[in-house]
>>> print(open('entry-v7.tsv').read())   # TSV, C-alpha atoms
chain	number	residue	atom	x	y	z
A	1	MET	CA	53.27	17.52	12.69
A	2	VAL	CA	55.45	16.76	15.75
A	3	VAL	CA	58.06	14.06	15.34
A	4	SER	CA	60.34	13.47	18.34
A	5	ILE	CA	61.79	10.67	20.42
A	6	GLU	CA	58.89	11.21	22.83
A	7	THR	CA	56.44	10.23	20.08
A	8	ILE	CA	58.49	7.84	17.95
A	9	GLY	CA	59.61	5.68	20.90
A	10	PRO	CA	56.10	4.83	22.13
A	11	LEU	CA	54.94	4.29	18.55
A	12	LEU	CA	57.74	1.81	17.81
A	13	LEU	CA	57.02	0.00	21.08
A	14	SER	CA	53.32	-0.22	20.15
A	15	ILE	CA	54.15	-1.72	16.76
A	16	ARG	CA	56.52	-4.28	18.32
A	17	VAL	CA	53.96	-5.23	20.95
A	18	ALA	CA	51.18	-5.49	18.34
A	19	LEU	CA	53.26	-7.73	16.07
A	20	LEU	CA	54.25	-10.08	18.89
A	21	ALA	CA	50.71	-10.14	20.28
A	22	THR	CA	49.27	-10.93	16.83
A	23	LEU	CA	51.78	-13.77	16.41
A	24	ALA	CA	50.82	-15.16	19.83
A	25	VAL	CA	47.11	-14.79	19.04
A	26	VAL	CA	47.45	-16.74	15.79
A	27	VAL	CA	49.64	-19.47	17.29
A	28	VAL	CA	47.27	-20.04	20.21
A	29	GLY	CA	44.03	-19.06	18.51
A	30	LEU	CA	44.25	-21.15	15.35
A	31	PRO	CA	44.22	-24.56	17.09
A	32	MET	CA	41.47	-23.28	19.37
A	33	ALA	CA	39.42	-22.09	16.38
A	34	ILE	CA	39.83	-25.48	14.67
A	35	LEU	CA	38.81	-27.29	17.86
A	36	LEU	CA	35.75	-25.11	18.41
A	37	ALA	CA	34.72	-25.28	14.74
A	38	ARG	CA	35.10	-29.01	14.20
A	39	GLY	CA	35.16	-30.55	17.68
A	40	ARG	CA	32.20	-31.98	19.56
A	41	PHE	CA	32.69	-32.13	23.32
A	42	PRO	CA	30.94	-31.12	26.54
A	43	GLY	CA	31.46	-27.57	27.73
A	44	LYS	CA	32.16	-26.20	24.26
A	45	GLY	CA	29.85	-23.24	24.83
A	46	LEU	CA	31.47	-22.45	28.17
A	47	ILE	CA	34.96	-22.50	26.65
A	48	MET	CA	33.82	-20.24	23.82
A	49	GLY	CA	32.33	-17.87	26.38
A	50	ILE	CA	35.56	-17.71	28.38
A	51	MET	CA	37.65	-17.18	25.23
A	52	THR	CA	35.50	-14.24	24.10
A	53	LEU	CA	35.08	-12.70	27.57
A	54	PRO	CA	37.70	-9.96	26.90
A	55	LEU	CA	35.30	-8.50	24.33
A	56	VAL	CA	32.77	-7.51	26.98
A	57	LEU	CA	34.92	-7.01	30.07
A	58	PRO	CA	35.97	-3.41	30.80
A	59	PRO	CA	39.68	-3.08	29.91
A	60	THR	CA	40.58	-2.09	33.46
A	61	VAL	CA	38.85	-5.19	34.83
A	62	LEU	CA	40.68	-7.36	32.31
A	63	GLY	CA	43.96	-5.71	33.26
A	64	TYR	CA	43.29	-6.12	36.97
A	65	VAL	CA	42.57	-9.83	36.53
A	66	LEU	CA	45.82	-10.24	34.59
A	67	LEU	CA	47.66	-8.29	37.28
A	68	LEU	CA	46.36	-10.67	39.94
A	69	LEU	CA	47.34	-13.72	37.88
A	70	LEU	CA	50.75	-12.49	36.73
A	71	GLY	CA	51.90	-10.67	39.89
A	72	ARG	CA	54.46	-12.19	42.26
A	73	GLN	CA	51.66	-13.46	44.49
A	74	GLY	CA	49.54	-14.69	41.59
A	75	PRO	CA	49.36	-18.36	40.57
A	76	ILE	CA	50.93	-17.78	37.15
A	77	GLY	CA	53.37	-15.18	38.45
A	78	LYS	CA	54.78	-17.58	41.04
A	79	VAL	CA	55.44	-20.16	38.33
A	80	LEU	CA	57.04	-17.60	36.00
A	81	GLU	CA	59.25	-16.24	38.76
A	82	GLY	CA	60.36	-19.75	39.66
A	83	VAL	CA	61.24	-20.56	36.04
A	84	PHE	CA	62.49	-17.21	34.69
A	85	GLY	CA	63.39	-15.38	37.89
A	86	GLY	CA	60.91	-12.56	37.30
A	87	VAL	CA	57.36	-11.65	36.37
A	88	PRO	CA	56.10	-9.71	33.33
A	89	VAL	CA	54.36	-7.08	35.46
A	90	PHE	CA	55.65	-3.54	34.75
A	91	HIS	CA	57.73	-4.94	31.91
A	92	TRP	CA	57.24	-4.73	28.15
A	93	THR	CA	56.40	-8.43	28.05
A	94	GLY	CA	53.41	-7.58	30.20
A	95	LEU	CA	52.27	-5.30	27.38
A	96	VAL	CA	52.42	-8.24	24.97
A	97	ILE	CA	50.42	-10.48	27.30
A	98	ALA	CA	47.77	-7.83	27.92
A	99	ALA	CA	47.45	-7.03	24.20
A	100	THR	CA	47.30	-10.74	23.34
A	101	VAL	CA	44.45	-11.41	25.75
A	102	ALA	CA	42.54	-8.30	24.66
A	103	ALA	CA	42.92	-9.10	20.94
A	104	PHE	CA	42.35	-12.86	21.17
A	105	PRO	CA	38.55	-12.87	20.54
A	106	LEU	CA	38.93	-10.69	17.45
A	107	PHE	CA	40.94	-13.46	15.80
A	108	LEU	CA	39.05	-16.40	17.26
A	109	LEU	CA	35.56	-15.38	16.11
A	110	PRO	CA	36.24	-14.83	12.38
A	111	ALA	CA	38.70	-17.74	12.29
A	112	ARG	CA	36.15	-20.14	13.74
A	113	GLY	CA	33.46	-18.83	11.40
A	114	ALA	CA	35.69	-19.21	8.35
A	115	ILE	CA	36.60	-22.80	9.26
A	116	GLU	CA	32.98	-23.72	9.94
A	117	ALA	CA	32.05	-22.33	6.53
A	118	VAL	CA	34.34	-24.73	4.68
A	119	ASP	CA	32.18	-27.37	3.00
A	120	PRO	CA	32.65	-30.67	4.90
A	121	ASP	CA	32.03	-32.53	1.62
A	122	LEU	CA	35.32	-31.19	0.30
A	123	GLU	CA	37.16	-32.44	3.37
A	124	ASN	CA	35.44	-35.84	3.12
A	125	ALA	CA	36.32	-36.05	-0.58
A	126	ALA	CA	39.97	-35.45	0.28
A	127	ARG	CA	39.85	-38.25	2.85
A	128	LEU	CA	38.32	-40.58	0.28
A	129	LEU	CA	41.28	-39.79	-1.95
A	130	GLY	CA	43.56	-41.05	0.76
A	131	ARG	CA	44.62	-37.92	2.58
A	132	ARG	CA	45.10	-38.00	6.32
A	133	ASP	CA	43.36	-35.53	8.63
A	134	ALA	CA	46.46	-33.35	8.98
A	135	SER	CA	46.82	-33.16	5.20
A	136	VAL	CA	43.14	-32.31	4.80
A	137	LEU	CA	43.53	-29.51	7.32
A	138	LEU	CA	46.64	-28.06	5.70
A	139	ARG	CA	45.69	-28.52	2.03
A	140	VAL	CA	41.91	-28.09	2.08
A	141	THR	CA	40.47	-26.48	5.21
A	142	LEU	CA	42.99	-23.73	5.94
A	143	PRO	CA	43.48	-22.65	2.29
A	144	LEU	CA	39.71	-22.28	1.91
A	145	ALA	CA	39.43	-20.37	5.19
A	146	TRP	CA	42.39	-18.03	4.59
A	147	ARG	CA	40.25	-14.93	4.15
A	148	GLY	CA	38.68	-15.25	7.59
A	149	LEU	CA	42.02	-16.10	9.16
A	150	LEU	CA	43.69	-13.06	7.59
A	151	ALA	CA	40.82	-10.78	8.59
A	152	GLY	CA	41.03	-12.04	12.17
A	153	ALA	CA	44.79	-11.48	12.31
A	154	LEU	CA	44.41	-7.91	11.01
A	155	LEU	CA	41.67	-7.12	13.51
A	156	ALA	CA	43.79	-8.57	16.31
A	157	PHE	CA	46.76	-6.43	15.22
A	158	ALA	CA	44.63	-3.27	15.18
A	159	ARG	CA	43.25	-4.07	18.63
A	160	ALA	CA	46.68	-4.81	20.07
A	161	LEU	CA	48.14	-1.64	18.53
A	162	GLY	CA	45.73	0.60	20.40
A	163	ASP	CA	45.32	-1.27	23.67
A	164	PHE	CA	45.34	1.03	26.68
A	165	GLY	CA	43.40	-0.04	29.76
A	166	ALA	CA	44.60	-3.61	30.18
A	167	SER	CA	48.19	-2.70	29.21
A	168	LEU	CA	48.28	0.19	31.68
A	169	MET	CA	47.11	-2.03	34.53
A	170	VAL	CA	49.63	-4.79	33.80
A	171	ALA	CA	52.71	-2.87	32.63
A	172	GLY	CA	52.19	0.65	33.92
A	173	ASP	CA	53.20	3.82	32.09
A	174	ILE	CA	56.98	3.94	32.37
A	175	PRO	CA	58.70	6.32	29.90
A	176	GLY	CA	61.13	4.48	27.66
A	177	ARG	CA	60.04	1.08	28.96
A	178	THR	CA	56.31	0.45	28.85
A	179	ARG	CA	54.84	3.70	27.49
A	180	THR	CA	52.97	2.84	24.29
A	181	ALA	CA	51.42	5.22	21.77
A	182	ALA	CA	48.01	5.02	23.45
A	183	MET	CA	49.57	5.94	26.80
A	184	ALA	CA	51.63	8.72	25.18
A	185	ILE	CA	48.40	10.20	23.78
A	186	TYR	CA	46.85	10.23	27.24
A	187	ASP	CA	49.99	11.70	28.81
A	188	SER	CA	50.22	14.41	26.13
A	189	VAL	CA	46.66	15.49	26.80
A	190	GLU	CA	47.31	15.51	30.54
A	191	ALA	CA	50.49	17.57	30.02
A	192	GLY	CA	48.77	20.09	27.76
A	193	GLN	CA	50.59	19.01	24.59
A	194	PRO	CA	47.76	18.65	22.08
A	195	ALA	CA	50.09	18.56	19.07
A	196	ASN	CA	51.72	15.31	20.20
A	197	ALA	CA	48.37	13.79	21.05
A	198	ALA	CA	46.90	14.83	17.70
A	199	TRP	CA	49.83	13.47	15.66
A	200	LEU	CA	49.84	10.10	17.39
A	201	SER	CA	46.05	9.85	17.31
A	202	ALA	CA	45.98	10.60	13.58
A	203	LEU	CA	48.67	8.01	12.92
A	204	ILE	CA	46.97	5.27	14.95
A	205	ALA	CA	43.60	6.10	13.38
A	206	SER	CA	45.12	6.01	9.88
A	207	VAL	CA	46.60	2.57	10.48
A	208	ALA	CA	43.28	1.33	11.85
A	209	ILE	CA	41.37	2.69	8.84
A	210	VAL	CA	43.77	1.03	6.38
A	211	LEU	CA	43.46	-2.28	8.23
A	212	LEU	CA	39.66	-2.08	8.24
A	213	ILE	CA	39.63	-1.36	4.51
A	214	VAL	CA	41.76	-4.45	3.93
A	215	VAL	CA	39.51	-6.52	6.21
A	216	ASN	CA	36.42	-5.36	4.32
A	217	ARG	CA	38.03	-6.32	1.02
A	218	VAL	CA	39.13	-9.69	2.32
A	219	MET	CA	36.04	-10.77	4.23
A	220	PRO	CA	33.42	-10.90	1.39
A	221	GLY	CA	33.37	-14.37	-0.07
A	222	SER	CA	35.42	-15.84	2.76
A	223	THR	CA	32.46	-17.97	3.78
A	224	GLU	CA	31.78	-19.23	0.28
A	225	PRO	CA	33.09	-22.75	-0.21
A	226	ARG	CA	35.15	-23.05	-3.37
A	227	ARG	CA	35.95	-26.14	-5.30
A	228	THR	CA	39.62	-27.06	-5.13
A	229	PRO	CA	41.02	-29.79	-7.33
A	230	LEU	CA	42.34	-32.60	-5.17
A	231	LYS	CA	45.10	-34.95	-6.05
A	232	SER	CA	45.58	-38.37	-4.63
A	233	ASP	CA	48.70	-39.09	-2.60
A	234	ARG	CA	49.33	-41.99	-4.88
>>> encode(input="entry-v7.tsv", output="structure tokens")
Amino acid sequence: MVVSIETIGPLLLSIRVALLATLAVVVVGLPMAILLARGRFPGKGLIMGIMTLPLVLPPTVLGYVLLLLLGRQGPIGKVLEGVFGGVPVFHWTGLVIAATVAAFPLFLLPARGAIEAVDPDLENAARLLGRRDASVLLRVTLPLAWRGLLAGALLAFARALGDFGASLMVAGDIPGRTRTAAMAIYDSVEAGQPANAAWLSALIASVAIVLLIVVNRVMPGSTEPRRTPLKSDR
């Protein structure tokens, strides 16, 4: 086992990026999942297709698109540079953005499915008892859908932790700045250092296996509506 600053640094950066990306995915993805699960509006299928596009796009294509959008000449990059004085390209924040976009569908799909599986009769019963829509969402819908939401967040974290292609295109592979564990594995293989690559690969794979075990334990029953006693606001 090889433990050094060359391996620990990229691993810590990967964990930080994955945590921030998962937080961003949940904050942005949860309202979107609620809207897609309960809303009725034109273009819903098109929006869902765009939101899940990162699942099927090659990572390098996804990264290149982000690079065009976030670069100094890109439409988003120009706005960011005007507001913050810089762009996230070749910066660790670019890693977070790339990981967030890549992981977004892995939260959105199970979250939407879990919300759709909540029995509408339970929500309607809560409204009949006098609860407002926001209260129904917070005290009925989301508690009943928590398994799917948790599973989606774990899958998003695992995806963000190991992102390579999109992150490399957006943030580059700069030692001590934007080199994540996935990039360090690639660099170790290129440099003929199989021990480093093996240690990091084993660690990332172990984390992924643990997360998948948790997801498999959480997911069963997440789509089964359960009766929750409701209390009137009165």
>>> closest_residue(input="entry-v7.tsv", among="A:Ala103, A:Val118, A:Ala160, A:Met219", to="Val56 in chain A", atoms="all atoms listed in the file")
A:Ala103
>>> residues_around(input="entry-v7.tsv", residues="Gly9 in chain A", least_positions_apart="5", cutoff="12 Å", atoms="only C-alpha atoms", output="count of residues only")
17
>>> closest_atom_pairs(input="entry-v7.tsv", of="range 77-111 of chain A", to="range 42-50 of chain A", cutoff="12 Å", atoms="all atoms listed in the file", output="Markdown table")
| residue | atom | partner | partner_atom | distance |
| --- | --- | --- | --- | --- |
| A:Val101 | CA | A:Ile50 | CA | 11.2 |
| A:Phe104 | CA | A:Ile50 | CA | 11.0 |
| A:Pro105 | CA | A:Met48 | CA | 9.4 |
| A:Leu108 | CA | A:Met48 | CA | 9.2 |
| A:Leu109 | CA | A:Met48 | CA | 9.3 |
>>> closest_residue(input="entry-v7.tsv", among="A:Leu67, A:Val218, A:Val170, A:Val87", to="Arg147 in chain A", atoms="only C-alpha atoms")
A:Val218
>>> closest_residue(input="entry-v7.tsv", among="A:Leu106, A:Val214, A:Ala171, A:Ala156", to="Leu55 in chain A", atoms="only C-alpha atoms")
A:Leu106
>>> atom_distance(input="entry-v7.tsv", atom1="CA of Pro31 in chain A", atom2="CA of Arg112 in chain A")
9.8 Å
>>> atom_distance(input="entry-v7.tsv", atom1="CA of Asp173 in chain A", atom2="CA of Leu20 in chain A")
19.2 Å
>>> atom_distance(input="entry-v7.tsv", atom1="CA of Ala145 in chain A", atom2="CA of Thr100 in chain A")
22.0 Å
>>> closest_residue(input="entry-v7.tsv", among="A:Ala37, A:Ala125, A:Ala18, A:Leu69", to="Ala102 in chain A", atoms="all atoms listed in the file")
A:Ala18
>>> residues_around(input="entry-v7.tsv", residues="Leu211 in chain A", least_positions_apart="2", cutoff="10 Å", atoms="only C-alpha atoms", output="list of chain:residue names")
A:Ala151, A:Leu154, A:Leu155, A:Phe157, A:Ala158, A:Ala205, A:Ser206, A:Val207, A:Ala208, A:Ile209, A:Ile213, A:Val214, A:Val215, A:Asn216, A:Arg217
>>> closest_residue(input="entry-v7.tsv", among="A:Thr7, A:Leu149, A:Leu129, A:Leu57", to="Gln193 in chain A", atoms="all atoms listed in the file")
A:Thr7
